[in-house]
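Undergrad: Following this line is model.cif, made up of mmCIF, C-alpha atoms:
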```
data_upload
#
loop_
_atom_site.label_atom_id
_atom_site.label_comp_id
_atom_site.auth_asym_id
_atom_site.auth_seq_id
_atom_site.Cartn_x
_atom_site.Cartn_y
_atom_site.Cartn_z
CA MET A 1 105.85 113.41 97.27
CA ARG A 2 108.47 111.05 98.69
CA PHE A 3 109.94 110.70 102.18
CA GLY A 4 113.30 109.41 103.33
CA VAL A 5 114.45 108.17 106.74
CA LEU A 6 117.35 105.93 105.65
CA GLY A 7 119.76 108.74 106.42
CA PRO A 8 118.80 112.27 107.49
CA LEU A 9 115.03 112.89 107.50
CA THR A 10 114.16 114.21 104.04
CA ALA A 11 111.16 114.85 101.82
CA TRP A 12 111.15 115.41 98.06
CA THR A 13 108.54 116.66 95.64
CA ALA A 14 107.44 114.56 92.69
CA ASP A 15 110.14 116.28 90.58
CA ASP A 16 112.84 115.56 93.20
CA ARG A 17 113.10 118.98 94.82
CA PRO A 18 113.90 118.89 98.56
CA VAL A 19 110.99 119.96 100.76
CA PRO A 20 111.97 122.34 103.59
CA ILE A 21 110.37 121.27 106.89
CA PRO A 22 110.76 124.18 109.34
CA GLY A 23 111.22 123.72 113.06
CA LEU A 24 112.66 120.86 115.11
CA LYS A 25 109.29 119.87 116.59
CA VAL A 26 107.65 119.78 113.16
CA ARG A 27 110.47 117.62 111.82
CA ALA A 28 110.17 115.34 114.85
CA LEU A 29 106.43 115.07 114.17
CA LEU A 30 107.15 113.99 110.59
CA ALA A 31 109.71 111.45 111.83
CA ASP A 32 107.21 110.03 114.32
CA LEU A 33 104.50 109.66 111.68
CA LEU A 34 106.92 107.98 109.26
CA ALA A 35 108.07 105.56 111.96
CA HIS A 36 104.50 104.22 112.11
CA ASP A 37 104.59 103.13 108.44
CA GLY A 38 101.32 104.78 107.38
CA ARG A 39 99.29 103.70 110.42
CA PRO A 40 97.27 106.26 112.42
CA VAL A 41 99.07 107.56 115.51
CA PRO A 42 96.95 108.65 118.52
CA ALA A 43 97.30 112.29 119.51
CA ASP A 44 98.28 111.31 123.06
CA ARG A 45 101.14 109.24 121.69
CA LEU A 46 102.40 112.08 119.51
CA ILE A 47 102.26 114.49 122.46
CA ASP A 48 104.25 112.11 124.67
CA ASP A 49 106.85 111.59 121.96
CA LEU A 50 107.28 115.21 120.95
CA TRP A 51 107.43 116.67 124.46
CA ALA A 52 109.07 113.70 126.20
CA GLY A 53 106.49 113.43 128.95
CA ASP A 54 106.55 117.16 129.73
CA PRO A 55 103.84 118.62 127.47
CA PRO A 56 102.86 122.31 127.38
CA GLY A 57 99.72 123.53 129.15
CA ASN A 58 97.47 123.20 126.10
CA ALA A 59 99.08 120.08 124.66
CA THR A 60 96.27 119.32 122.21
CA GLY A 61 96.39 122.84 120.82
CA ALA A 62 100.19 122.73 120.58
CA LEU A 63 100.03 119.45 118.63
CA SER A 64 97.34 120.89 116.32
CA ALA A 65 99.63 123.83 115.59
CA LYS A 66 102.50 121.49 114.64
CA ILE A 67 100.16 119.44 112.43
CA SER A 68 99.09 122.64 110.65
CA GLN A 69 102.70 123.72 110.14
CA LEU A 70 103.60 120.35 108.66
CA ARG A 71 100.62 120.40 106.32
CA ARG A 72 101.51 123.92 105.21
CA ALA A 73 105.12 122.91 104.49
CA LEU A 74 103.96 119.97 102.36
CA GLU A 75 101.37 122.06 100.53
CA ASP A 76 103.78 124.93 99.84
CA ALA A 77 106.25 122.51 98.27
CA GLN A 78 103.70 120.58 96.21
CA PRO A 79 100.05 121.64 95.84
CA GLY A 80 97.70 118.98 97.13
CA ALA A 81 100.31 117.34 99.36
CA ARG A 82 98.60 118.51 102.56
CA ALA A 83 96.09 115.69 101.95
CA LEU A 84 98.86 113.19 102.74
CA LEU A 85 98.46 114.07 106.43
CA ALA A 86 94.96 112.97 107.41
CA ALA A 87 93.08 113.12 110.71
CA HIS A 88 91.05 110.09 111.85
CA PRO A 89 89.26 109.15 115.06
CA ALA A 90 92.23 106.85 115.73
CA GLY A 91 94.74 109.67 115.32
CA TYR A 92 96.85 111.36 112.66
CA GLN A 93 98.00 109.38 109.65
CA LEU A 94 100.70 110.16 107.07
CA CYS A 95 99.73 108.32 103.90
CA VAL A 96 102.89 106.47 102.87
CA ASP A 97 103.55 103.08 101.29
CA THR A 98 106.25 101.27 99.32
CA THR A 99 106.02 103.83 96.52
CA ASN A 100 106.84 106.98 98.50
CA ALA A 101 108.77 106.08 101.67
CA ASP A 102 112.32 104.74 101.34
CA HIS A 103 112.19 102.48 104.41
CA LEU A 104 109.02 100.79 103.13
CA THR A 105 110.55 100.42 99.66
CA PHE A 106 113.58 98.87 101.33
CA THR A 107 111.58 96.23 103.21
CA ASP A 108 109.51 95.48 100.09
CA LEU A 109 112.66 94.84 98.05
CA LEU A 110 114.00 92.56 100.81
CA THR A 111 110.80 90.53 100.72
CA LYS A 112 110.98 90.19 96.94
CA ALA A 113 114.65 89.17 97.13
CA ARG A 114 113.87 86.44 99.64
CA HIS A 115 111.15 85.02 97.43
CA THR A 116 113.20 84.73 94.25
CA THR A 117 115.12 81.58 93.40
CA THR A 118 117.41 83.25 90.84
CA PRO A 119 120.70 84.35 92.46
CA ARG A 120 121.38 87.15 90.00
CA THR A 121 117.88 88.58 90.42
CA LYS A 122 118.24 88.32 94.18
CA ALA A 123 121.59 90.14 94.07
CA THR A 124 120.05 92.93 91.98
CA LEU A 125 117.07 93.35 94.32
CA LEU A 126 119.32 93.44 97.38
CA ALA A 127 121.67 95.92 95.72
CA ASP A 128 118.69 98.17 94.92
CA ALA A 129 117.51 97.93 98.53
CA LEU A 130 120.93 98.77 99.96
CA ALA A 131 121.35 101.70 97.54
CA LEU A 132 118.43 103.45 99.28
CA TRP A 133 120.53 104.03 102.40
CA ARG A 134 122.07 107.51 102.61
CA GLY A 135 123.41 107.08 106.15
CA PRO A 136 122.17 105.77 109.52
CA ALA A 137 118.39 105.51 109.84
CA PHE A 138 116.81 108.73 111.17
CA ALA A 139 120.34 110.13 111.32
CA ASP A 140 119.29 113.50 112.75
CA PHE A 141 116.92 112.04 115.39
CA ARG A 142 118.94 109.16 116.78
CA ASP A 143 118.77 110.53 120.32
CA GLU A 144 114.97 110.54 120.40
CA PRO A 145 113.77 107.64 122.61
CA PHE A 146 110.51 107.22 120.68
CA LEU A 147 112.52 106.29 117.57
CA HIS A 148 114.93 103.82 119.18
CA PRO A 149 112.87 100.66 118.43
CA THR A 150 112.34 101.66 114.79
CA ILE A 151 116.00 102.58 114.32
CA ALA A 152 117.13 99.26 115.86
CA ARG A 153 114.77 97.28 113.61
CA LEU A 154 115.83 99.07 110.43
CA GLU A 155 119.53 98.80 111.17
CA GLU A 156 119.21 95.07 111.92
CA GLN A 157 117.40 94.64 108.60
CA HIS A 158 120.15 96.65 106.91
CA LEU A 159 122.92 94.45 108.28
CA THR A 160 121.01 91.27 107.47
CA ALA A 161 120.51 92.52 103.91
CA ARG A 162 124.23 93.17 103.58
CA GLU A 163 124.94 89.64 104.79
CA GLU A 164 122.43 88.15 102.35
CA HIS A 165 123.88 90.26 99.54
CA ALA A 166 127.39 89.04 100.35
CA GLU A 167 126.28 85.39 100.38
CA THR A 168 124.48 85.81 97.06
CA ARG A 169 127.52 87.44 95.49
CA LEU A 170 129.66 84.58 96.76
CA HIS A 171 127.33 82.22 94.93
CA LEU A 172 127.85 84.31 91.80
CA GLY A 173 131.64 84.03 92.09
CA GLU A 174 132.41 87.57 93.28
CA HIS A 175 134.69 86.40 96.11
CA THR A 176 137.71 88.47 95.07
CA GLN A 177 135.86 91.79 95.36
CA LEU A 178 134.04 90.69 98.51
CA ALA A 179 137.16 89.72 100.43
CA ASP A 180 138.27 93.33 100.84
CA GLU A 181 134.78 94.85 101.05
CA LEU A 182 133.86 92.62 103.99
CA THR A 183 137.12 93.40 105.75
CA GLU A 184 135.97 97.03 105.97
CA LEU A 185 132.45 96.10 107.08
CA LEU A 186 133.73 93.79 109.82
CA ARG A 187 135.67 96.67 111.36
CA GLU A 188 132.28 98.23 112.13
CA HIS A 189 130.53 94.97 113.11
CA PRO A 190 133.20 92.55 114.35
CA LEU A 191 130.81 90.19 116.18
CA ARG A 192 128.47 89.34 113.27
CA GLU A 193 129.14 85.62 112.72
CA ARG A 194 127.20 85.39 109.46
CA LEU A 195 129.24 88.27 108.09
CA ARG A 196 132.44 86.69 109.41
CA ALA A 197 131.58 83.40 107.67
CA ALA A 198 131.06 85.18 104.34
CA HIS A 199 134.40 86.95 104.82
CA MET A 200 136.22 83.69 105.53
CA ARG A 201 134.67 82.00 102.49
CA ALA A 202 135.52 84.95 100.25
CA LEU A 203 139.15 84.95 101.40
CA TYR A 204 139.46 81.19 100.99
CA ARG A 205 137.99 81.20 97.48
CA ALA A 206 140.21 84.15 96.55
CA GLY A 207 143.27 81.98 97.30
CA ARG A 208 143.98 83.55 100.70
CA PRO A 209 143.37 80.68 103.15
CA SER A 210 145.81 81.94 105.80
CA GLU A 211 143.94 85.26 105.93
CA ALA A 212 140.66 83.34 106.25
CA LEU A 213 142.06 81.55 109.29
CA ASP A 214 143.33 84.85 110.70
CA SER A 215 139.82 86.28 110.31
CA TYR A 216 138.45 83.41 112.41
CA HIS A 217 141.12 83.88 115.09
CA ARG A 218 140.38 87.60 115.34
CA HIS A 219 136.71 86.86 115.75
CA ARG A 220 137.34 84.20 118.39
CA ASP A 221 139.63 86.48 120.39
CA HIS A 222 137.28 89.45 120.12
CA LEU A 223 134.28 87.36 121.15
CA ALA A 224 136.10 85.99 124.18
CA ALA A 225 137.30 89.45 125.25
CA GLU A 226 133.94 91.20 124.75
CA LEU A 227 131.42 88.56 125.79
CA GLY A 228 133.36 85.64 127.23
CA LEU A 229 131.92 83.33 124.55
CA ASP A 230 133.23 80.93 121.93
CA PRO A 231 132.33 81.04 118.21
CA GLY A 232 129.14 79.24 117.23
CA PRO A 233 129.17 75.74 115.73
CA ALA A 234 128.63 76.95 112.15
CA LEU A 235 131.68 79.20 112.25
CA THR A 236 133.75 76.56 114.05
CA GLY A 237 132.79 74.04 111.37
CA LEU A 238 133.80 76.47 108.63
CA HIS A 239 137.15 77.00 110.34
CA GLN A 240 137.73 73.23 110.40
CA ALA A 241 136.73 72.92 106.75
CA ILE A 242 139.29 75.58 105.79
CA LEU A 243 142.00 73.76 107.77
CA THR A 244 141.28 70.54 105.87
CA GLN A 245 140.69 72.32 102.52
CA ASP A 246 137.28 70.72 102.20
CA PRO A 247 136.28 70.64 98.49
CA ALA A 248 132.77 71.75 99.51
CA LEU A 249 134.24 75.22 100.09
CA ASP A 250 135.17 75.68 96.45
CA ALA A 251 133.23 78.29 94.51
CA PRO A 252 130.20 76.84 92.70
CA ALA A 253 130.19 76.87 88.94
CA THR A 254 128.25 79.87 87.74
CA THR A 255 126.55 80.61 84.47
CA PRO A 256 127.39 84.04 83.06
CA PRO A 257 124.48 86.32 82.28
CA PRO A 258 123.07 85.71 78.78
CA THR A 259 124.56 87.75 75.96
CA PRO A 260 121.92 89.76 74.14
CA PRO A 261 121.43 88.78 70.48
CA PRO A 262 123.07 91.01 67.88
CA ALA A 263 120.95 93.81 66.53
CA LEU A 264 119.36 93.15 63.17
CA PRO A 265 120.71 95.28 60.31
CA THR A 266 118.63 98.26 59.37
CA PRO A 267 117.11 97.82 55.91
#
```
What would you get if you wrote out this structure as structure tokens?
TA:
Amino acid sequence: MRFGVLGPLTAWTADDRPVPIPGLKVRALLADLLAHDGRPVPADRLIDDLWAGDPPGNATGALSAKISQLRRALEDAQPGARALLAAHPAGYQLCVDTTNADHLTFTDLLTKARHTTTPRTKATLLADALALWRGPAFADFRDEPFLHPTIARLEEQHLTAREEHAETRLHLGEHTQLADELTELLREHPLRERLRAAHMRALYRAGRPSEALDSYHRHRDHLAAELGLDPGPALTGLHQAILTQDPALDAPATTPPPTPPPALPTP
């Protein structure tokens, strides 16, 4: 069984059938367990999260009922899946890892991408990681305070991955496609300087230097209006390099991917 939180909370059977999880509290319980990345969660913590500091009279019994309902939903969808939700002295544990939880797969792919020295391999790993996102993290539980730290962490990782992917694609010479893609992304995140730098480089390498300068000016004006700050030294230096048409800004020479050898004739 697989679980997804990079978008609406979802579970799938081994043959990719959606698993119905009945009841808001039971779904919230599943979300809470997934947010702990396979670590045991104390019962007191689950009670506080699910009932927001206002638990029912028999809180332990109410939590046990929700645990039973979740186990039953998993078991009904896929026999044997109830064993994924285990009880320990330290609390309740949902057994997930990089093979069956999309947010853990995502972070694993990011780690692998950051440890490779081959740009094309890195771009592929980052693209695979980004493809796991179906929408905002925990999209149907974004108002739950107990999930706010996890949502913030995942969304920061998501944006950083998109920035790293853009920089890697720049290295591979994909500046023409990136110039317009990053324009759209910057509408959502106008203050991300690393993203802005990738956008400026893409525009410059695509033969649109005046638009690269306009991108910098929009960022500078927005930053001053929103936060009363000036652009950082890295972005200011990039702006100056574009003004002087510094040769260091030119796209690096890239080696195309190897062409597979022709197939041998069949005897």
Undergrad: With distances taken over all atoms listed in the file, which residue among A:Gly91, A:Pro252, A:Pro247, A:Gly53 lies nearest A:Pro145?
TA: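 With all atoms listed in the file as the atom set, the closest residue is A:Gly53.
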Undergrad: Kindly resolve the PyMOL selection byres ((chain A and resi 129) around 12) on the present coordinates and return the residues as number ranges by chain.
TA: A: 6, 98, 102-113, 122-128, 130-134, 157-162, 164-165
Undergrad: Need the shell around A:Ala241: protein/DNA/RNA residues with any atom at most 12 Å away, counting all atoms listed in the file. Skip same-chain ones fewer than 4 positions apart. Format as a list in words?
TA: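 Those residues are Ala197, Met200, Arg201, Tyr204, Pro209, Ala212, Leu213, Ala234, Leu235, Thr236, Gly237, Gln245, Asp246, Pro247, Ala248, Leu249 and Asp250 of chain A.
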Undergrad: Skipping near chain neighbours, those fewer than 2 positions away, what residues fall within 12 Å of A:Asp140 using only C-alpha atoms, listed as a list in words?
TA: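 Final neighbour list, sorted by chain and number: Gly4, Val5, Leu6, Gly7, Pro8, Leu9, Thr10, Leu24, Arg27, Ala28, Ala31, Gly135, Pro136, Ala137, Phe138, Arg142, Asp143, Glu144, Leu147 and Ile151 of chain A.
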Undergrad: State, in Å with one decimal place, the distance from atom CA of A:Phe141 to atom CA of A:Leu70.
TA: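 It comes out at 17.1 Å.
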Undergrad: Can you pull out every residue within 8 Å of A:His171, counting all atoms listed in the file, but drop anything in the same chain fewer than 3 positions away, and send it as number ranges by chain?
TA: A: 119, 167-168, 174, 251-252, 254
Undergrad: Between atom CA of A:Arg17 and atom CA of A:Met1, what is the distance in Å, rounded to a tenth?
TA: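 These atoms are spaced 9.5 Å apart.
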Undergrad: Give me the residues within 9 Å of A:Val26 as a list in words, counting only C-alpha atoms and dropping any in the same chain fewer than 6 places off.
TA: Lys66, Ile67, Gln69 and Leu70 of chain A
Undergrad: List the residues selected by the PyMOL selection byres ((chain A and resi 191) around 8) in the file shown, writing them as a list in words.
TA: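 Given this file, the PyMOL selection byres ((chain A and resi 191) around 8) evaluates to Leu186, His189, Pro190, Arg192, Glu193, Arg196, His219, His222 and Leu223 of chain A.
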Undergrad: To one decimal in Å, tell me the separation between atom CA of A:Ala35 and atom CA of A:Asp54.
TA: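 Atom-to-atom, atom CA of A:Ala35 to atom CA of A:Asp54, that is 21.3 Å.
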Undergrad: If you apply the PyMOL selection byres ((chain A and resi 96) around 10) to this file, what residues do you get, as a list of chain:residue names?
TA: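 This file gives the following for the PyMOL selection byres ((chain A and resi 96) around 10): A:Met1, A:Arg2, A:Phe3, A:Leu33, A:Leu34, A:His36, A:Asp37, A:Gly38, A:Arg39, A:Leu84, A:Leu85, A:Gln93, A:Leu94, A:Cys95, A:Asp97, A:Thr98, A:Thr99, A:Asn100, A:Ala101, A:Asp102, A:Leu104.
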Undergrad: Export C-alpha atoms of the chosen residues as a short mmCIF file (atom, residue, chain, number, x, y, z; two decimals), in the coordinates of the input?
TA:
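Contents of out.cif, freshly written:
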```
data_model
loop_
_atom_site.label_atom_id
_atom_site.label_comp_id
_atom_site.auth_asym_id
_atom_site.auth_seq_id
_atom_site.Cartn_x
_atom_site.Cartn_y
_atom_site.Cartn_z
CA MET A 1 105.85 113.41 97.27
CA ARG A 2 108.47 111.05 98.69
CA PHE A 3 109.94 110.70 102.18
CA LEU A 33 104.50 109.66 111.68
CA LEU A 34 106.92 107.98 109.26
CA HIS A 36 104.50 104.22 112.11
CA ASP A 37 104.59 103.13 108.44
CA GLY A 38 101.32 104.78 107.38
CA ARG A 39 99.29 103.70 110.42
CA LEU A 84 98.86 113.19 102.74
CA LEU A 85 98.46 114.07 106.43
CA GLN A 93 98.00 109.38 109.65
CA LEU A 94 100.70 110.16 107.07
CA CYS A 95 99.73 108.32 103.90
CA ASP A 97 103.55 103.08 101.29
CA THR A 98 106.25 101.27 99.32
CA THR A 99 106.02 103.83 96.52
CA ASN A 100 106.84 106.98 98.50
CA ALA A 101 108.77 106.08 101.67
CA ASP A 102 112.32 104.74 101.34
CA LEU A 104 109.02 100.79 103.13
#
```
Undergrad: Measuring between all atoms listed in the file, which one of A:Ala225, A:Ile47, A:Ala152, A:Ala179 shows the shortest distance to A:Gly61?
TA: A:Ile47
Undergrad: Between A:Ala43, A:Ala65, A:Leu170, A:Ala59, which has the minimum distance to A:Pro89 (counting all atoms listed in the file)?
TA: A:Ala43
Undergrad: Within 12 Å of (104.5, 122.5, 99.9) (coordinates as in the file), grab all the protein and nucleic acid residues, counting all atoms listed in the file, and write them out as number ranges by chain.
TA: A: 1, 11-14, 17-22, 69-84
Undergrad: So for stretch 220-233 of chain A, what box centre and size do we get, axis-aligned, 6 Å extra on each of the six sides, every listed atom, Å to one decimal, as lines of an AutoDock Vina configuration file?
TA:
```
center_x = 134.4
center_y = 83.5
center_z = 121.5
size_x = 22.5
size_y = 27.5
size_z = 23.5
```
Undergrad: I need the residue nearest A:Leu30 from this list: A:Thr176, A:Arg218, A:Leu50, A:Ala202. Use all atoms listed in the file for the distance.
TA: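 Once distances to A:Leu30 are computed over all atoms listed in the file, the minimum belongs to A:Leu50.
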